[in-house]
Amino acid sequence: MPEDPQVILATDCGSTTTKAILIEKKGGEYRQTTRGEAPTTVEAPFEDVTMGVLNSVSEIEDLSGRKLIDDEGHIIKPAKGNVGCDLYISTSSAGGGLQMMVAGVVRKMTAESAERAALGAGSIVMDVISSNDKRLPHEQIQRIRQLRPDMILLSGGIDGGTTTHVVELAELVSAADPKPRLGSGFRLPVIYAGNQAATAPVEAILKDKTDLCVVENIRPVLERENLGPAREKIHDLFLEHVMAQAPGYKKLMSWTDAPIMPTPGAVGTILQTISRRQEINAMGVDIGGATTDVFSVFGGVFNRTVSANLGMSYSISNVFAEAGLENVMRWVPFHMDERDLRNRVKNKMIRPTTIPQTLQELIFEQAVAREALRLAFLQHREFATTLKGVQQERTIGDTFEQKSSGQSIVQLMDLDLLVGSGGVLSHAPLMSQTAAMLIDAFQPEGVTTLAKDSIFMMPHLGVLSQVHDKAATEVFEKDCLILLGSCVAPTGKGKEGKECLSYSIDLPGGVKEEGSLKVGDLRLIPLELGKTAAARLSPSRGFDLGEGPGAAVERTLKGGTVGIILDARGRPLTIPEDPALRTERVTTWIRALKIYPDEGLKGT
């Protein structure tokens, strides 16, 4: 593999579309120059994923004028002049991605650690089986047979502890005699990452029926998680078993210069890389048609969750049912007939590729998106916790601070960067709409930089970061991320009309912006992309920007395509219940951030 590649080709084989990007070194820095896409060809009638790859790369050839495919249909390497590339890498979620089941002795301890390991490796966790999940053994066996996962991760017990329960879980898997989803002639991969004292009996039970791999314990002691070995083994088995059985993947693997990664795992990898290099806490969300993925890195700890029932097309009815009509409608500045609303939702579900045709339809769809994002974030925050089941040492000072074990590590006041991705966020007609959806759903606190993934190239950059950290980071910062701006949001509650925040901001060109906001206000101050401003922010008594109630802070605010958003609506955000007052308040917020034109605020 070349140490200093000049031309890098990367593809992401999605479930419906294969996306290719070309990265070139120009003037001493790496930039993304061309993008192509084509339908994914993993299913009938083609049943060869490389056809979609070559079709997407052919589009890059047409647009860039660089020849990348030879007459035999192979990618040309290395680059010479205007022909070929030095490095080719790929990710994939075609064929449904990586589907796993996890099993652990205690649902809220080892089973949850195993789930974190599987999600972090880019899998969809189909079910979690534990000794205390209240299902009878025959029900658990039936569930394993019914789901037919790509692999199973088995965990339980601390090293040297009791072996009884984890051995019983192994017996359940053995009794189910599971068959893999792909490749009927192969044995199902099972990873054992539990009490090492139980390794021998687990091997005796499973080695003849499954392809068993043993790695270090996920929870060697109660106070520590050890997810790395299990995640690495999941990646290896994904390549060896799952990908190898999908049509055309053996050929694709022979082309790539690095192991193919599951798409969500690659997105998590680039977020971790950026967080580490910039020494920041970061969060990303990818909202799709069927699922919403949330990724976070706080204090160097990575977490990922998949909300499999929250999406904008196939799962839109679930969002509507889970959030409730009132919660969706609180973001809409006009009255809509309930029957009409429900028809719109069902139409979107049965015709998932349709996009809004009128401004009213766009406003409604973005209202649903806010609720899908909000619910996915709540699920993520509940899952991304400190270790459960650990007796934490307490001091006299702690007695007055009710900290329980299992506290969420997702603290919004510590969040530095929030990145939005997925159709409804990336392709919103106005950047202010993307910013508003992120702020309303996640309710960031203190000072947070907002950004969006321009053309969904985070998966490509995630796998690239494994082989060329510098190239991945440069392209991420310069071409992938579109900075929307900075959000300033004090936490706390106060009476409407009372002062919440005063500010003094030194803008470029010697311009000073000063003023104050009352509780419930939103204000937009333009600040161009690439510019920064020094701000002194003084929250009123009872409001906090990270230094304590009423304490002033000085921050450097980043500009963007939207600018600086001052949000004095308080946290948690509350919206009036009275319909007339709610409509008036939401309309005021929309106008403050210039989210929709005025003619769209009256409804049909």
# chains A, B, ... in the order shown; residues from 1 in each chain; ligands from 1
$ residues_around --residues "A:Trp255" --least-positions-apart "2" --cutoff "10 Å" --atoms "only C-alpha atoms" --output "PDB file with N, CA and C atoms, in the first residue's frame"
ATOM      1  N   THR A  50     -20.203  -6.135  -7.620  1.00  0.00           N
ATOM      2  CA  THR A  50     -19.160  -5.376  -8.327  1.00  0.00           C
ATOM      3  C   THR A  50     -19.709  -4.633  -9.545  1.00  0.00           C
ATOM      4  N   HIS A  74     -11.533  -4.286 -14.401  1.00  0.00           N
ATOM      5  CA  HIS A  74     -10.832  -4.194 -13.122  1.00  0.00           C
ATOM      6  C   HIS A  74     -10.424  -2.751 -12.868  1.00  0.00           C
ATOM      7  N   ILE A  75     -10.337  -2.386 -11.588  1.00  0.00           N
ATOM      8  CA  ILE A  75      -9.892  -1.036 -11.225  1.00  0.00           C
ATOM      9  C   ILE A  75      -8.378  -0.951 -11.435  1.00  0.00           C
ATOM     10  N   ILE A  76      -7.947   0.106 -12.120  1.00  0.00           N
ATOM     11  CA  ILE A  76      -6.528   0.252 -12.490  1.00  0.00           C
ATOM     12  C   ILE A  76      -5.740   0.821 -11.311  1.00  0.00           C
ATOM     13  N   LYS A  77      -4.653   0.141 -10.957  1.00  0.00           N
ATOM     14  CA  LYS A  77      -3.731   0.604  -9.891  1.00  0.00           C
ATOM     15  C   LYS A  77      -2.309   0.261 -10.320  1.00  0.00           C
ATOM     16  N   LEU A  87      -5.059   3.919  -4.405  1.00  0.00           N
ATOM     17  CA  LEU A  87      -5.666   3.246  -3.253  1.00  0.00           C
ATOM     18  C   LEU A  87      -7.147   3.081  -3.521  1.00  0.00           C
ATOM     19  N   TYR A  88      -7.683   1.863  -3.327  1.00  0.00           N
ATOM     20  CA  TYR A  88      -9.130   1.628  -3.471  1.00  0.00           C
ATOM     21  C   TYR A  88      -9.655   0.972  -2.198  1.00  0.00           C
ATOM     22  N   ILE A  89     -10.701   1.557  -1.618  1.00  0.00           N
ATOM     23  CA  ILE A  89     -11.294   1.042  -0.379  1.00  0.00           C
ATOM     24  C   ILE A  89     -12.814   1.042  -0.505  1.00  0.00           C
ATOM     25  N   SER A  90     -13.485   0.271   0.359  1.00  0.00           N
ATOM     26  CA  SER A  90     -14.947   0.202   0.264  1.00  0.00           C
ATOM     27  C   SER A  90     -15.591  -0.129   1.607  1.00  0.00           C
ATOM     28  N   TYR A 249     -18.971 -10.489  -3.597  1.00  0.00           N
ATOM     29  CA  TYR A 249     -18.110  -9.845  -2.598  1.00  0.00           C
ATOM     30  C   TYR A 249     -16.691 -10.403  -2.577  1.00  0.00           C
ATOM     31  N   LYS A 250     -16.540 -11.686  -2.902  1.00  0.00           N
ATOM     32  CA  LYS A 250     -15.170 -12.237  -2.939  1.00  0.00           C
ATOM     33  C   LYS A 250     -14.338 -11.490  -3.979  1.00  0.00           C
ATOM     34  N   LYS A 251     -14.987 -11.196  -5.108  1.00  0.00           N
ATOM     35  CA  LYS A 251     -14.295 -10.450  -6.158  1.00  0.00           C
ATOM     36  C   LYS A 251     -13.967  -9.036  -5.660  1.00  0.00           C
ATOM     37  N   LEU A 252     -14.945  -8.391  -4.998  1.00  0.00           N
ATOM     38  CA  LEU A 252     -14.732  -7.029  -4.501  1.00  0.00           C
ATOM     39  C   LEU A 252     -13.609  -6.998  -3.457  1.00  0.00           C
ATOM     40  N   MET A 253     -13.569  -8.000  -2.576  1.00  0.00           N
ATOM     41  CA  MET A 253     -12.532  -8.045  -1.534  1.00  0.00           C
ATOM     42  C   MET A 253     -11.146  -8.187  -2.136  1.00  0.00           C
ATOM     43  N   ASP A 257      -7.805  -2.402  -1.033  1.00  0.00           N
ATOM     44  CA  ASP A 257      -6.500  -2.343  -0.370  1.00  0.00           C
ATOM     45  C   ASP A 257      -6.621  -2.354   1.149  1.00  0.00           C
ATOM     46  N   ALA A 258      -7.844  -2.422   1.670  1.00  0.00           N
ATOM     47  CA  ALA A 258      -8.079  -2.517   3.117  1.00  0.00           C
ATOM     48  C   ALA A 258      -9.354  -3.322   3.309  1.00  0.00           C
TER      49      ALA A 258
END
$ residues_around --residues "A:Arg276" --least-positions-apart "4" --cutoff "10 Å" --atoms "only C-alpha atoms" --output "PyMOL selection string"
chain A and resi 270-272+280-282+297+299-300
$ residues_around --residues "A:Ser56" --least-positions-apart "6" --cutoff "8 Å" --atoms "only C-alpha atoms" --output "list in words"
Thr18, Lys19, Ala20, Gly36, Glu37 and Ala38 of chain A
$ closest_residue --among "A:Ala200, A:Ile565, A:Leu378, A:Ile8" --to "A:Leu212" --atoms "only C-alpha atoms"
A:Ala200
$ closest_residue --among "A:Arg277, A:Lys179, A:Lys594, A:His138" --to "A:Gln433" --atoms "only C-alpha atoms"
A:Lys594
$ residues_around --residues "stretch 301-307 of chain A" --least-positions-apart "3" --cutoff "6 Å" --atoms "only C-alpha atoms" --output "ChimeraX atom specification"
/A:119-120,291-298,310,376,380
$ write_last_selection --atoms "C-alpha atoms" --output "CSV table (one decimal), in the first residue's frame"
chain,number,residue,atom,x,y,z
A,119,LEU,CA,-23.5,-1.8,17.8
A,120,GLY,CA,-20.1,-0.2,17.8
A,291,THR,CA,-33.7,3.5,10.9
A,292,THR,CA,-31.9,6.3,12.7
A,293,ASP,CA,-28.4,5.8,13.9
A,294,VAL,CA,-26.9,8.0,16.7
A,295,PHE,CA,-23.1,8.1,17.3
A,296,SER,CA,-21.4,9.8,20.2
A,297,VAL,CA,-17.8,10.2,21.6
A,298,PHE,CA,-17.7,11.7,25.1
A,310,LEU,CA,-37.6,5.4,13.6
A,376,ALA,CA,-33.6,8.3,18.7
A,380,HIS,CA,-29.2,6.8,22.7
$ select_by_dssp --residues "stretch 106-348 of chain A" --states "alpha helix (DSSP H)" --output "ChimeraX atom specification"
/A:110-120,137-147,164-176,199-206,228-237,244-245,249-255,263-278,316-323,325-329,338-348
$ residues_around --residues "A:Leu325" --least-positions-apart "2" --cutoff "12 Å" --atoms "only C-alpha atoms" --output "PyMOL selection string"
chain A and resi 317-323+327-332+336-339+341-342+345+364+367-368+371
$ select_by_dssp --residues "stretch 319-554 of chain A" --states "strand (DSSP E)" --output "MDAnalysis selection string"
chainID A and resid 417:421 446:453 481:489 499:507 511:518 522:525 532:539 553:554
$ closest_atom_pairs --of "stretch 523-545 of chain A" --to "stretch 493-504 of chain A" --cutoff "9 Å" --atoms "only C-alpha atoms" --output "CSV"
residue,atom,partner,partner_atom,distance
A:Ala534,CA,A:Ser504,CA,8.5
A:Ala535,CA,A:Ser504,CA,5.7
A:Arg536,CA,A:Ser504,CA,5.3
A:Leu537,CA,A:Tyr503,CA,4.7
A:Ser538,CA,A:Ser502,CA,5.2
A:Pro539,CA,A:Leu501,CA,4.4
A:Ser540,CA,A:Cys500,CA,5.0
A:Arg541,CA,A:Cys500,CA,8.0
A:Gly542,CA,A:Lys493,CA,7.3
A:Phe543,CA,A:Cys500,CA,6.9
$ write_last_selection --atoms "N, CA and C atoms" --output "PDB file, in the first residue's frame"
ATOM      1  N   ALA A 534     -15.348  36.561  18.615  1.00  0.00           N
ATOM      2  CA  ALA A 534     -15.138  36.463  20.065  1.00  0.00           C
ATOM      3  C   ALA A 534     -16.400  36.971  20.759  1.00  0.00           C
ATOM      4  N   ALA A 535     -16.945  36.164  21.677  1.00  0.00           N
ATOM      5  CA  ALA A 535     -18.215  36.522  22.315  1.00  0.00           C
ATOM      6  C   ALA A 535     -18.094  36.487  23.832  1.00  0.00           C
ATOM      7  N   ARG A 536     -18.698  37.488  24.464  1.00  0.00           N
ATOM      8  CA  ARG A 536     -18.899  37.457  25.916  1.00  0.00           C
ATOM      9  C   ARG A 536     -20.391  37.257  26.148  1.00  0.00           C
ATOM     10  N   LEU A 537     -20.742  36.159  26.803  1.00  0.00           N
ATOM     11  CA  LEU A 537     -22.134  35.744  26.963  1.00  0.00           C
ATOM     12  C   LEU A 537     -22.475  35.732  28.451  1.00  0.00           C
ATOM     13  N   SER A 538     -23.514  36.472  28.827  1.00  0.00           N
ATOM     14  CA  SER A 538     -23.859  36.592  30.250  1.00  0.00           C
ATOM     15  C   SER A 538     -25.291  36.118  30.482  1.00  0.00           C
ATOM     16  N   PRO A 539     -25.450  34.878  30.980  1.00  0.00           N
ATOM     17  CA  PRO A 539     -26.794  34.397  31.283  1.00  0.00           C
ATOM     18  C   PRO A 539     -27.350  35.079  32.538  1.00  0.00           C
ATOM     19  N   SER A 540     -28.663  35.239  32.586  1.00  0.00           N
ATOM     20  CA  SER A 540     -29.296  35.832  33.762  1.00  0.00           C
ATOM     21  C   SER A 540     -29.292  34.837  34.909  1.00  0.00           C
ATOM     22  N   ARG A 541     -29.629  35.329  36.080  1.00  0.00           N
ATOM     23  CA  ARG A 541     -29.685  34.477  37.265  1.00  0.00           C
ATOM     24  C   ARG A 541     -30.648  33.317  37.018  1.00  0.00           C
ATOM     25  N   GLY A 542     -30.205  32.118  37.347  1.00  0.00           N
ATOM     26  CA  GLY A 542     -31.046  30.932  37.118  1.00  0.00           C
ATOM     27  C   GLY A 542     -30.779  30.254  35.790  1.00  0.00           C
ATOM     28  N   PHE A 543     -29.972  30.897  34.927  1.00  0.00           N
ATOM     29  CA  PHE A 543     -29.603  30.281  33.649  1.00  0.00           C
ATOM     30  C   PHE A 543     -28.104  30.007  33.638  1.00  0.00           C
TER      31      PHE A 543
END
$ residues_around --residues "stretch 548-561 of chain A" --least-positions-apart "2" --cutoff "9 Å" --atoms "only C-alpha atoms" --output "PyMOL selection string"
chain A and resi 431-432+447-451+482-488+491-492+505+526-546+563-564
$ write_last_selection --atoms "C-alpha atoms" --output "compact mmCIF listing (two decimals), in the first residue's frame"
# COMPACT_ATOMS: atom_id res chain seq x y z
CA MET A 431 -29.45 25.20 5.65
CA SER A 432 -31.47 26.96 8.37
CA VAL A 447 -22.08 26.52 23.03
CA THR A 448 -22.22 23.86 20.28
CA THR A 449 -20.94 23.86 16.68
CA LEU A 450 -23.55 22.53 14.20
CA ALA A 451 -22.65 20.83 10.91
CA ILE A 482 -20.59 21.87 5.98
CA LEU A 483 -20.50 24.05 9.08
CA LEU A 484 -23.92 25.53 9.79
CA GLY A 485 -22.67 27.75 12.61
CA SER A 486 -22.78 27.94 16.41
CA CYS A 487 -25.73 27.47 18.77
CA VAL A 488 -25.68 29.30 22.12
CA THR A 491 -30.05 25.89 30.38
CA GLY A 492 -32.73 26.73 32.92
CA ILE A 505 -19.97 39.67 20.02
CA PRO A 526 -25.00 36.18 10.39
CA LEU A 527 -21.38 35.02 10.50
CA GLU A 528 -19.84 33.67 7.28
CA LEU A 529 -18.34 30.24 6.79
CA GLY A 530 -14.67 30.23 7.73
CA LYS A 531 -15.01 33.25 10.04
CA THR A 532 -14.96 33.32 13.85
CA ALA A 533 -16.17 35.83 16.45
CA ALA A 534 -15.14 36.46 20.07
CA ALA A 535 -18.22 36.52 22.32
CA ARG A 536 -18.90 37.46 25.92
CA LEU A 537 -22.13 35.74 26.96
CA SER A 538 -23.86 36.59 30.25
CA PRO A 539 -26.79 34.40 31.28
CA SER A 540 -29.30 35.83 33.76
CA ARG A 541 -29.68 34.48 37.26
CA GLY A 542 -31.05 30.93 37.12
CA PHE A 543 -29.60 30.28 33.65
CA ASP A 544 -26.32 28.46 32.96
CA LEU A 545 -23.87 28.36 30.03
CA GLY A 546 -21.52 25.84 31.61
CA GLY A 563 -24.48 31.81 11.39
CA ILE A 564 -24.76 32.28 15.16
$ atom_distance --atom1 "atom CA of A:Ala384" --atom2 "atom CA of A:Ser408"
5.6 Å
$ residues_around --residues "A:Met349" --least-positions-apart "6" --cutoff "10 Å" --atoms "only C-alpha atoms" --output "list in words"
Gly289, Ala290, Gly311, Met312, Ser313, Tyr314, Ser315, Ile316, Ser317, Asn318 and Asn343 of chain A
$ atom_distance --atom1 "atom CA of A:Leu461" --atom2 "atom CA of A:Pro5"
14.6 Å
$ closest_residue --among "A:Phe383, A:Pro333, A:Phe46, A:Gln99" --to "A:Leu581" --atoms "only C-alpha atoms"
A:Pro333
$ closest_residue --among "A:Glu112, A:Gly422, A:Leu9, A:Ala103" --to "A:Thr385" --atoms "only C-alpha atoms"
A:Glu112
